[in-house]
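Structure data (mmCIF, C-alpha atoms) from my_file.cif:
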data_run
#
loop_
_atom_site.group_PDB
_atom_site.id
_atom_site.type_symbol
_atom_site.label_atom_id
_atom_site.label_comp_id
_atom_site.auth_asym_id
_atom_site.auth_seq_id
_atom_site.Cartn_x
_atom_site.Cartn_y
_atom_site.Cartn_z
ATOM 1 C CA MET E 7 4.216 194.739 -33.670
ATOM 2 C CA ASP E 8 5.660 193.762 -30.304
ATOM 3 C CA LEU E 9 9.427 193.396 -30.092
ATOM 4 C CA LEU E 10 11.175 190.631 -28.148
ATOM 5 C CA SER E 11 14.796 191.318 -27.165
ATOM 6 C CA VAL E 12 16.896 188.217 -26.499
ATOM 7 C CA ILE E 13 19.982 188.905 -24.352
ATOM 8 C CA VAL E 14 22.724 186.298 -24.625
ATOM 9 C CA PRO E 15 25.862 186.803 -22.472
ATOM 10 C CA CYS E 16 28.798 184.878 -23.967
ATOM 11 C CA TYR E 17 32.254 183.970 -22.753
ATOM 12 C CA ASN E 18 34.259 181.528 -24.873
ATOM 13 C CA GLU E 19 31.141 180.018 -26.430
ATOM 14 C CA GLU E 20 32.218 179.737 -30.080
ATOM 15 C CA GLU E 21 31.046 176.106 -30.166
ATOM 16 C CA ASN E 22 27.517 176.981 -29.072
ATOM 17 C CA VAL E 23 26.658 180.202 -30.951
ATOM 18 C CA PHE E 24 25.252 178.537 -34.080
ATOM 19 C CA ASP E 25 23.480 175.792 -32.112
ATOM 20 C CA PHE E 26 21.834 178.367 -29.855
ATOM 21 C CA TYR E 27 20.668 180.408 -32.840
ATOM 22 C CA GLU E 28 19.182 177.326 -34.520
ATOM 23 C CA GLU E 29 17.346 176.266 -31.358
ATOM 24 C CA LEU E 30 15.956 179.765 -30.816
ATOM 25 C CA MET E 31 14.775 180.042 -34.429
ATOM 26 C CA LYS E 32 12.741 176.865 -34.004
ATOM 27 C CA ASN E 33 10.318 179.225 -32.252
ATOM 28 C CA ALA E 34 9.897 181.275 -35.463
ATOM 29 C CA PRO E 35 6.352 179.966 -36.128
ATOM 30 C CA PHE E 36 5.371 180.974 -32.595
ATOM 31 C CA PHE E 37 6.827 184.464 -33.100
ATOM 32 C CA ARG E 38 4.901 184.865 -36.368
ATOM 33 C CA GLU E 39 1.725 183.657 -34.705
ATOM 34 C CA ARG E 40 2.074 186.387 -32.080
ATOM 35 C CA ASP E 41 2.988 188.935 -34.757
ATOM 36 C CA MET E 42 6.222 189.549 -32.875
ATOM 37 C CA GLU E 43 9.599 190.810 -34.079
ATOM 38 C CA VAL E 44 12.798 189.467 -32.516
ATOM 39 C CA GLU E 45 16.221 191.009 -31.927
ATOM 40 C CA LEU E 46 19.227 189.129 -30.537
ATOM 41 C CA TRP E 47 21.911 190.829 -28.473
ATOM 42 C CA PHE E 48 25.020 188.706 -28.057
ATOM 43 C CA ILE E 49 27.226 190.266 -25.343
ATOM 44 C CA ASP E 50 30.772 188.966 -25.798
ATOM 45 C CA ASP E 51 32.415 189.298 -22.386
ATOM 46 C CA GLY E 52 35.998 189.523 -23.607
ATOM 47 C CA SER E 53 36.148 185.977 -24.985
ATOM 48 C CA GLY E 54 39.543 184.530 -25.836
ATOM 49 C CA ASP E 55 38.196 182.344 -28.637
ATOM 50 C CA ARG E 56 36.264 183.137 -31.856
ATOM 51 C CA THR E 57 32.905 183.809 -30.222
ATOM 52 C CA SER E 58 32.619 187.322 -31.695
ATOM 53 C CA HIS E 59 33.536 186.027 -35.187
ATOM 54 C CA ARG E 60 30.778 183.429 -34.982
ATOM 55 C CA VAL E 61 28.261 186.117 -34.025
ATOM 56 C CA LYS E 62 29.464 188.326 -36.906
ATOM 57 C CA GLU E 63 28.814 185.448 -39.303
ATOM 58 C CA LEU E 64 25.275 185.224 -37.971
ATOM 59 C CA ALA E 65 24.816 189.006 -38.197
ATOM 60 C CA ALA E 66 25.921 188.970 -41.839
ATOM 61 C CA GLY E 67 22.981 186.724 -42.690
ATOM 62 C CA ASP E 68 20.400 188.008 -40.193
ATOM 63 C CA LYS E 69 20.032 191.716 -39.442
ATOM 64 C CA ARG E 70 18.214 190.861 -36.216
ATOM 65 C CA VAL E 71 21.519 189.704 -34.703
ATOM 66 C CA HIS E 72 23.593 192.316 -32.838
ATOM 67 C CA LEU E 73 26.961 192.077 -31.101
ATOM 68 C CA VAL E 74 28.482 194.013 -28.220
ATOM 69 C CA SER E 75 32.086 192.988 -27.586
ATOM 70 C CA PHE E 76 33.860 194.073 -24.387
ATOM 71 C CA SER E 77 37.469 195.245 -24.327
ATOM 72 C CA ARG E 78 38.210 192.522 -21.747
ATOM 73 C CA ASN E 79 36.403 190.121 -19.446
ATOM 74 C CA PHE E 80 34.272 192.215 -17.061
ATOM 75 C CA GLY E 81 32.137 189.331 -15.749
ATOM 76 C CA LYS E 82 28.675 188.007 -16.451
ATOM 77 C CA GLU E 83 26.936 190.647 -14.327
ATOM 78 C CA ALA E 84 28.393 193.413 -16.502
ATOM 79 C CA ALA E 85 27.326 191.516 -19.631
ATOM 80 C CA ILE E 86 23.770 191.152 -18.338
ATOM 81 C CA TYR E 87 23.573 194.853 -17.502
ATOM 82 C CA ALA E 88 24.907 195.806 -20.949
ATOM 83 C CA GLY E 89 22.272 193.599 -22.540
ATOM 84 C CA PHE E 90 19.512 195.286 -20.575
ATOM 85 C CA GLN E 91 20.818 198.684 -21.663
ATOM 86 C CA LYS E 92 20.841 197.688 -25.339
ATOM 87 C CA ALA E 93 17.536 195.812 -25.401
ATOM 88 C CA GLY E 94 14.671 197.923 -26.693
ATOM 89 C CA GLY E 95 11.936 195.304 -26.756
ATOM 90 C CA ASP E 96 8.484 195.334 -25.216
ATOM 91 C CA TYR E 97 9.550 191.982 -23.797
ATOM 92 C CA VAL E 98 13.078 190.955 -22.830
ATOM 93 C CA VAL E 99 14.390 187.461 -22.231
ATOM 94 C CA LEU E 100 17.773 186.676 -20.679
ATOM 95 C CA MET E 101 19.296 183.300 -21.481
ATOM 96 C CA ASP E 102 22.674 181.536 -21.623
ATOM 97 C CA CYS E 103 24.356 180.563 -24.879
ATOM 98 C CA ASP E 104 25.228 177.035 -23.711
ATOM 99 C CA LEU E 105 21.620 175.813 -24.167
ATOM 100 C CA GLN E 106 21.172 175.002 -20.495
ATOM 101 C CA ASP E 107 18.299 177.490 -20.810
ATOM 102 C CA PRO E 108 16.061 175.707 -23.365
ATOM 103 C CA PRO E 109 14.547 178.132 -25.941
ATOM 104 C CA SER E 110 11.696 175.622 -26.289
ATOM 105 C CA LEU E 111 10.282 176.958 -22.994
ATOM 106 C CA LEU E 112 9.535 180.386 -24.488
ATOM 107 C CA PRO E 113 5.952 179.645 -25.700
ATOM 108 C CA GLY E 114 5.019 178.396 -22.237
ATOM 109 C CA MET E 115 6.617 181.442 -20.626
ATOM 110 C CA PHE E 116 4.606 183.790 -22.841
ATOM 111 C CA ALA E 117 1.447 181.917 -21.835
ATOM 112 C CA TYR E 118 2.000 183.058 -18.235
ATOM 113 C CA ILE E 119 2.773 186.604 -19.398
ATOM 114 C CA ASP E 120 -0.612 186.572 -21.139
ATOM 115 C CA GLN E 121 -2.191 185.589 -17.814
ATOM 116 C CA GLY E 122 -0.979 188.870 -16.299
ATOM 117 C CA TYR E 123 2.405 188.040 -14.795
ATOM 118 C CA ASP E 124 5.106 190.687 -15.123
ATOM 119 C CA SER E 125 7.911 188.151 -15.467
ATOM 120 C CA VAL E 126 8.410 184.430 -15.787
ATOM 121 C CA ALA E 127 11.518 183.022 -14.104
ATOM 122 C CA THR E 128 12.936 179.524 -14.312
ATOM 123 C CA ARG E 129 14.379 177.203 -11.700
ATOM 124 C CA ARG E 130 15.932 173.774 -11.931
ATOM 125 C CA VAL E 131 14.218 171.105 -9.862
ATOM 126 C CA THR E 132 17.204 168.780 -10.211
ATOM 127 C CA ARG E 133 20.955 169.217 -10.544
ATOM 128 C CA LYS E 134 21.523 166.044 -12.509
ATOM 129 C CA GLY E 135 25.006 165.950 -13.984
ATOM 130 C CA GLU E 136 26.580 168.333 -11.478
ATOM 131 C CA PRO E 137 29.229 167.137 -8.998
ATOM 132 C CA PHE E 138 27.683 166.213 -5.654
ATOM 133 C CA ILE E 139 29.829 168.651 -3.639
ATOM 134 C CA ARG E 140 28.960 171.531 -5.946
ATOM 135 C CA SER E 141 25.231 170.791 -5.728
ATOM 136 C CA MET E 142 25.381 170.504 -1.936
ATOM 137 C CA LEU E 143 27.237 173.822 -1.565
ATOM 138 C CA ALA E 144 24.831 175.541 -3.958
ATOM 139 C CA ARG E 145 21.819 174.455 -1.910
ATOM 140 C CA ALA E 146 23.600 175.555 1.270
ATOM 141 C CA PHE E 147 24.214 178.981 -0.269
ATOM 142 C CA TYR E 148 20.519 179.490 -1.031
ATOM 143 C CA ARG E 149 19.549 178.459 2.498
ATOM 144 C CA ILE E 150 22.079 180.826 4.059
ATOM 145 C CA MET E 151 21.171 183.645 1.699
ATOM 146 C CA ASN E 152 17.462 183.420 2.462
ATOM 147 C CA LYS E 153 18.126 183.402 6.206
ATOM 148 C CA LEU E 154 20.440 186.415 6.100
ATOM 149 C CA SER E 155 18.552 188.542 3.577
ATOM 150 C CA ARG E 156 14.997 189.832 3.305
ATOM 151 C CA THR E 157 15.244 189.459 -0.470
ATOM 152 C CA GLU E 158 14.077 185.978 -1.406
ATOM 153 C CA ILE E 159 16.247 184.013 -3.827
ATOM 154 C CA VAL E 160 14.665 180.758 -4.964
ATOM 155 C CA ASP E 161 16.784 177.610 -4.754
ATOM 156 C CA GLY E 162 17.826 176.515 -8.228
ATOM 157 C CA ALA E 163 16.955 179.867 -9.799
ATOM 158 C CA ARG E 164 18.440 180.453 -13.235
ATOM 159 C CA ASP E 165 19.156 183.751 -14.964
ATOM 160 C CA TYR E 166 16.746 182.568 -17.692
ATOM 161 C CA ARG E 167 13.833 184.970 -17.344
ATOM 162 C CA LEU E 168 11.196 186.601 -19.554
ATOM 163 C CA MET E 169 10.207 190.123 -18.493
ATOM 164 C CA LYS E 170 7.914 192.917 -19.470
ATOM 165 C CA ARG E 171 9.449 196.306 -20.177
ATOM 166 C CA CYS E 172 8.488 197.669 -16.749
ATOM 167 C CA VAL E 173 10.618 195.023 -15.005
ATOM 168 C CA VAL E 174 13.639 195.755 -17.211
ATOM 169 C CA ASP E 175 13.341 199.486 -16.543
ATOM 170 C CA ALA E 176 13.215 198.798 -12.802
ATOM 171 C CA VAL E 177 16.382 196.662 -12.995
ATOM 172 C CA LEU E 178 18.147 199.365 -15.012
ATOM 173 C CA SER E 179 17.266 201.943 -12.365
ATOM 174 C CA LEU E 180 19.643 200.128 -9.986
ATOM 175 C CA THR E 181 23.018 201.395 -11.177
ATOM 176 C CA GLU E 182 25.235 199.851 -8.500
ATOM 177 C CA TYR E 183 28.679 198.625 -9.603
ATOM 178 C CA ASN E 184 28.692 195.437 -7.513
ATOM 179 C CA ARG E 185 25.725 193.603 -8.996
ATOM 180 C CA PHE E 186 24.036 190.334 -8.066
ATOM 181 C CA THR E 187 21.268 189.969 -10.629
ATOM 182 C CA LYS E 188 19.402 187.133 -8.910
ATOM 183 C CA GLY E 189 19.042 189.336 -5.835
ATOM 184 C CA ILE E 190 18.121 192.398 -7.907
ATOM 185 C CA PHE E 191 15.279 190.497 -9.567
ATOM 186 C CA GLY E 192 13.925 189.627 -6.134
ATOM 187 C CA TRP E 193 14.428 193.148 -4.772
ATOM 188 C CA VAL E 194 12.526 194.973 -7.539
ATOM 189 C CA GLY E 195 9.527 192.731 -6.951
ATOM 190 C CA PHE E 196 6.723 192.526 -9.549
ATOM 191 C CA GLU E 197 4.470 189.526 -10.013
ATOM 192 C CA THR E 198 6.641 186.596 -11.022
ATOM 193 C CA LYS E 199 5.715 183.087 -12.092
ATOM 194 C CA TRP E 200 8.316 180.384 -11.415
ATOM 195 C CA LEU E 201 8.611 177.781 -14.141
ATOM 196 C CA GLU E 202 10.279 174.523 -13.103
ATOM 197 C CA TYR E 203 12.218 172.247 -15.440
ATOM 198 C CA GLU E 204 14.726 169.408 -15.347
ATOM 199 C CA ASN E 205 18.407 170.307 -15.488
ATOM 200 C CA VAL E 206 19.820 170.397 -19.019
ATOM 201 C CA GLN E 207 23.481 169.659 -19.732
ATOM 202 C CA ARG E 208 25.655 171.986 -21.782
ATOM 203 C CA ARG E 209 25.463 171.208 -25.486
ATOM 204 C CA LYS E 210 29.214 171.704 -26.042
ATOM 205 C CA GLY E 211 32.255 172.960 -24.180
ATOM 206 C CA GLU E 212 32.885 173.211 -20.452
ATOM 207 C CA THR E 213 31.489 175.481 -17.771
ATOM 208 C CA LYS E 214 33.455 178.669 -17.103
ATOM 209 C CA TRP E 215 32.383 178.702 -13.437
ATOM 210 C CA SER E 216 35.118 177.189 -11.277
ATOM 211 C CA PHE E 217 34.588 176.469 -7.587
ATOM 212 C CA TRP E 218 36.547 179.602 -6.649
ATOM 213 C CA LYS E 219 34.513 181.840 -8.995
ATOM 214 C CA LEU E 220 31.275 180.475 -7.552
ATOM 215 C CA PHE E 221 32.554 181.059 -4.017
ATOM 216 C CA VAL E 222 33.456 184.687 -4.784
ATOM 217 C CA TYR E 223 30.103 185.160 -6.550
ATOM 218 C CA SER E 224 28.260 183.823 -3.490
ATOM 219 C CA LEU E 225 30.132 186.297 -1.261
ATOM 220 C CA ASP E 226 29.094 189.100 -3.613
ATOM 221 C CA GLY E 227 25.485 188.003 -3.301
ATOM 222 C CA ILE E 228 25.535 187.874 0.493
ATOM 223 C CA THR E 229 27.250 191.244 0.943
ATOM 224 C CA ALA E 230 25.070 192.891 -1.731
ATOM 225 C CA PHE E 231 21.749 191.993 -0.117
ATOM 226 C CA SER E 232 22.428 191.477 3.579
ATOM 227 C CA THR E 233 24.134 193.353 6.405
ATOM 228 C CA ALA E 234 23.689 190.374 8.730
ATOM 229 C CA PRO E 235 27.407 189.457 8.630
ATOM 230 C CA LEU E 236 28.230 192.887 10.078
ATOM 231 C CA ALA E 237 25.732 192.302 12.876
ATOM 232 C CA LEU E 238 27.245 188.845 13.421
ATOM 233 C CA ALA E 239 30.697 190.392 13.766
ATOM 234 C CA SER E 240 29.358 192.856 16.343
ATOM 235 C CA VAL E 241 27.625 190.125 18.356
ATOM 236 C CA MET E 242 30.754 187.968 18.335
ATOM 237 C CA GLY E 243 32.798 190.963 19.508
ATOM 238 C CA VAL E 244 30.452 191.541 22.448
ATOM 239 C CA LEU E 245 30.432 187.842 23.391
ATOM 240 C CA PHE E 246 34.202 187.602 23.407
ATOM 241 C CA CYS E 247 34.522 190.820 25.414
ATOM 242 C CA ILE E 248 32.279 189.253 28.052
ATOM 243 C CA MET E 249 34.271 186.038 27.901
ATOM 244 C CA ALA E 250 37.549 187.936 28.289
ATOM 245 C CA PHE E 251 36.156 189.866 31.288
ATOM 246 C CA LEU E 252 35.091 186.627 32.973
ATOM 247 C CA LEU E 253 38.502 185.076 32.311
ATOM 248 C CA ILE E 254 40.212 188.092 33.896
ATOM 249 C CA ILE E 255 38.084 187.697 37.038
ATOM 250 C CA PHE E 256 38.808 183.959 37.069
ATOM 251 C CA THR E 257 42.562 184.580 36.760
ATOM 252 C CA ILE E 258 42.587 187.136 39.587
ATOM 253 C CA VAL E 259 40.580 184.900 41.913
ATOM 254 C CA ARG E 260 42.790 181.892 41.172
ATOM 255 C CA LYS E 261 45.924 183.975 41.824
ATOM 256 C CA LEU E 262 44.586 185.177 45.181
ATOM 257 C CA MET E 263 43.488 181.696 46.230
ATOM 258 C CA PHE E 264 46.344 179.516 44.919
ATOM 259 C CA GLY E 265 49.171 181.957 44.186
ATOM 260 C CA ASP E 266 50.370 180.019 41.130
ATOM 261 C CA PRO E 267 51.038 182.508 38.348
ATOM 262 C CA THR E 268 52.721 180.132 35.865
ATOM 263 C CA SER E 269 50.257 177.281 35.452
ATOM 264 C CA GLY E 270 47.685 177.390 32.680
ATOM 265 C CA TRP E 271 49.815 179.044 30.029
ATOM 266 C CA PRO E 272 48.791 176.505 27.297
ATOM 267 C CA SER E 273 45.113 177.317 27.813
ATOM 268 C CA LEU E 274 45.950 181.017 27.789
ATOM 269 C CA VAL E 275 47.729 180.671 24.443
ATOM 270 C CA CYS E 276 44.707 178.813 23.035
ATOM 271 C CA ILE E 277 42.336 181.524 24.244
ATOM 272 C CA ILE E 278 44.500 184.304 22.800
ATOM 273 C CA SER E 279 44.747 182.478 19.471
ATOM 274 C CA LEU E 280 40.985 181.938 19.382
ATOM 275 C CA ILE E 281 40.168 185.561 20.125
ATOM 276 C CA SER E 282 42.747 186.743 17.579
ATOM 277 C CA GLY E 283 41.210 184.480 14.953
ATOM 278 C CA VAL E 284 37.741 185.841 15.657
ATOM 279 C CA GLN E 285 39.056 189.395 15.419
ATOM 280 C CA LEU E 286 40.633 188.695 12.035
ATOM 281 C CA PHE E 287 37.417 187.019 10.881
ATOM 282 C CA CYS E 288 35.372 190.074 11.865
ATOM 283 C CA LEU E 289 37.883 192.382 10.202
ATOM 284 C CA GLY E 290 37.546 190.288 7.056
ATOM 285 C CA ILE E 291 33.761 190.769 7.083
ATOM 286 C CA VAL E 292 34.153 194.516 7.498
ATOM 287 C CA GLY E 293 36.779 194.483 4.745
ATOM 288 C CA GLN E 294 34.344 192.850 2.324
ATOM 289 C CA TYR E 295 31.817 195.632 2.799
ATOM 290 C CA LEU E 296 34.524 198.293 2.713
ATOM 291 C CA SER E 297 35.861 196.935 -0.590
ATOM 292 C CA LYS E 298 32.361 197.148 -2.108
ATOM 293 C CA THR E 299 32.047 200.729 -0.944
ATOM 294 C CA TYR E 300 35.487 201.511 -2.373
ATOM 295 C CA MET E 301 34.507 200.182 -5.802
ATOM 296 C CA GLU E 302 31.213 202.089 -5.763
ATOM 297 C CA VAL E 303 32.691 205.491 -4.875
ATOM 298 C CA LYS E 304 35.310 205.243 -7.652
ATOM 299 C CA ASN E 305 32.353 205.332 -10.061
ATOM 300 C CA ARG E 306 34.151 203.421 -12.812
ATOM 301 C CA PRO E 307 32.118 202.236 -15.809
ATOM 302 C CA MET E 308 30.788 198.720 -15.427
ATOM 303 C CA TYR E 309 32.212 197.698 -18.800
ATOM 304 C CA LEU E 310 34.030 199.091 -21.852
ATOM 305 C CA VAL E 311 32.919 198.314 -25.387
ATOM 306 C CA LYS E 312 35.552 197.394 -27.984
ATOM 307 C CA GLU E 313 33.156 196.764 -30.842
ATOM 308 C CA GLU E 314 29.429 196.938 -31.505
ATOM 309 C CA ILE E 315 27.422 195.674 -34.442
#
Final structure tokens representation of the file:
Amino acid sequence: MDLLSVIVPCYNEEENVFDFYEELMKNAPFFRERDMEVELWFIDDGSGDRTSHRVKELAAGDKRVHLVSFSRNFGKEAAIYAGFQKAGGDYVVLMDCDLQDPPSLLPGMFAYIDQGYDSVATRRVTRKGEPFIRSMLARAFYRIMNKLSRTEIVDGARDYRLMKRCVVDAVLSLTEYNRFTKGIFGWVGFETKWLEYENVQRRKGETKWSFWKLFVYSLDGITAFSTAPLALASVMGVLFCIMAFLLIIFTIVRKLMFGDPTSGWPSLVCIISLISGVQLFCLGIVGQYLSKTYMEVKNRPMYLVKEEI
């Protein structure tokens, strides 16, 4: 029998655990039809509520349910990686616990796998229900990311993805500490079918992704899969060196012709402030890459497990 591993990262999702399980089990006739076994890996990312207790209640009644509970919150990327490490299925599906990734799509996703695709990924064609500013910034991120990086990231892409074992093994072969899973999926390649669907609202609770967390996550994605910002910093440095050289020549010529050394100090202050700002901006870009390198060379574990069932 084939084995399907379902990876479910969770962070403060006690309200949705049972609902998710019920929705997933509505596919039980489909699983039996395919003669397929199912295992569920709930990865509790250091939740502060009773998420792990809810999963334990499920595990007590269904031996297919497993729990990995982190010692603290290590982030969704760490939870996804832990799920991939634990999953032993011939097929692996990654989905959120909040039911924004509808389990009802699974039969259709397997239909494309049967056609020869290595993975089936999902993308939202609408962002109905999201704040306008958030949707606009998200679309801008995807445009910028695809211009800066050679790794294509589809606009509206979700983490919800069904994969063959070969794809999972390829993802696991990338052991970097600073992970951006959407980019990793694109980098490893393989033949992927994109399945489009309308945006689905959370069943219960509130999103854990604040504007600041999304901003930091977007920076991680850009620095993980593009060195273009470093090149941009270099180009800006060269341009401002040329500008400074021209201003020096202009100042000398004006002094020789008009002999007025005191006029123009406001413009000089503006120029100095501008160049200083650009220098700090470029140093910030370099600092981002240096911080990633610093975290990689420390070789710390990506997560620590407090409890496993």
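Between Glu45 in chain E and the residues E:Asp8, E:Glu29, E:Glu19, E:Asp102, the shortest atom-to-atom distance, using only C-alpha atoms, involves E:Asp8.
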Let me make sure I understand: among E:Val259, E:Asp107, E:Gln285, E:Lys62, which one has the smallest atom-to-atom distance to Leu245 in chain E if we use all atoms listed in the file? E:Gln285
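Once the PyMOL selection byres ((chain E and resi 119) around 10) is applied to this file, the selection holds Tyr97, Pro113, Gly114, Met115, Phe116, Ala117, Tyr118, Asp120, Gln121, Gly122, Tyr123, Asp124, Ser125, Val126, Leu168, Met169, Lys170, Glu197, Thr198 and Lys199 of chain E.
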Can you give me, as a PyMOL selection string, the residues this file yields under the PyMOL selection byres ((chain E and resi 71) around 8)? chain E and resi 45-48+61+64-65+68-70+72-73
CA of Thr128 in chain E to CA of Asp51 in chain E, straight-line distance in Å: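 Value for the CA of Asp51 in chain E-CA of Thr128 in chain E distance: 23.2 Å.
Nearest residue to Thr57 in chain E among E:Glu43, E:Val160, E:Arg171, E:Asn22 is E:Asn22, counting all atoms listed in the file.
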Using all atoms listed in the file, can you tell me which of E:Phe76, E:Phe90, E:Phe196, E:Tyr295 comes closest to Asn184 in chain E?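 Among E:Phe76, E:Phe90, E:Phe196, E:Tyr295, it is E:Tyr295 that comes nearest to Asn184 in chain E.
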CA of Leu105 in chain E sits from CA of Lys312 in chain E at a separation of 26.0 Å
Enumerate, as a PyMOL selection string, the residues matched when the PyMOL selection byres ((chain E and resi 81-89) around 9) is run on the file above. chain E and resi 12-17+47-52+74+76+79-80+90-93+100+177-178+183-187+308-309
Can you measure CA of Phe26 in chain E to CA of Ile315 in chain E for me? One decimal in Å is fine.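 About the pair CA of Phe26 in chain E and CA of Ile315 in chain E: they are 18.8 Å apart.
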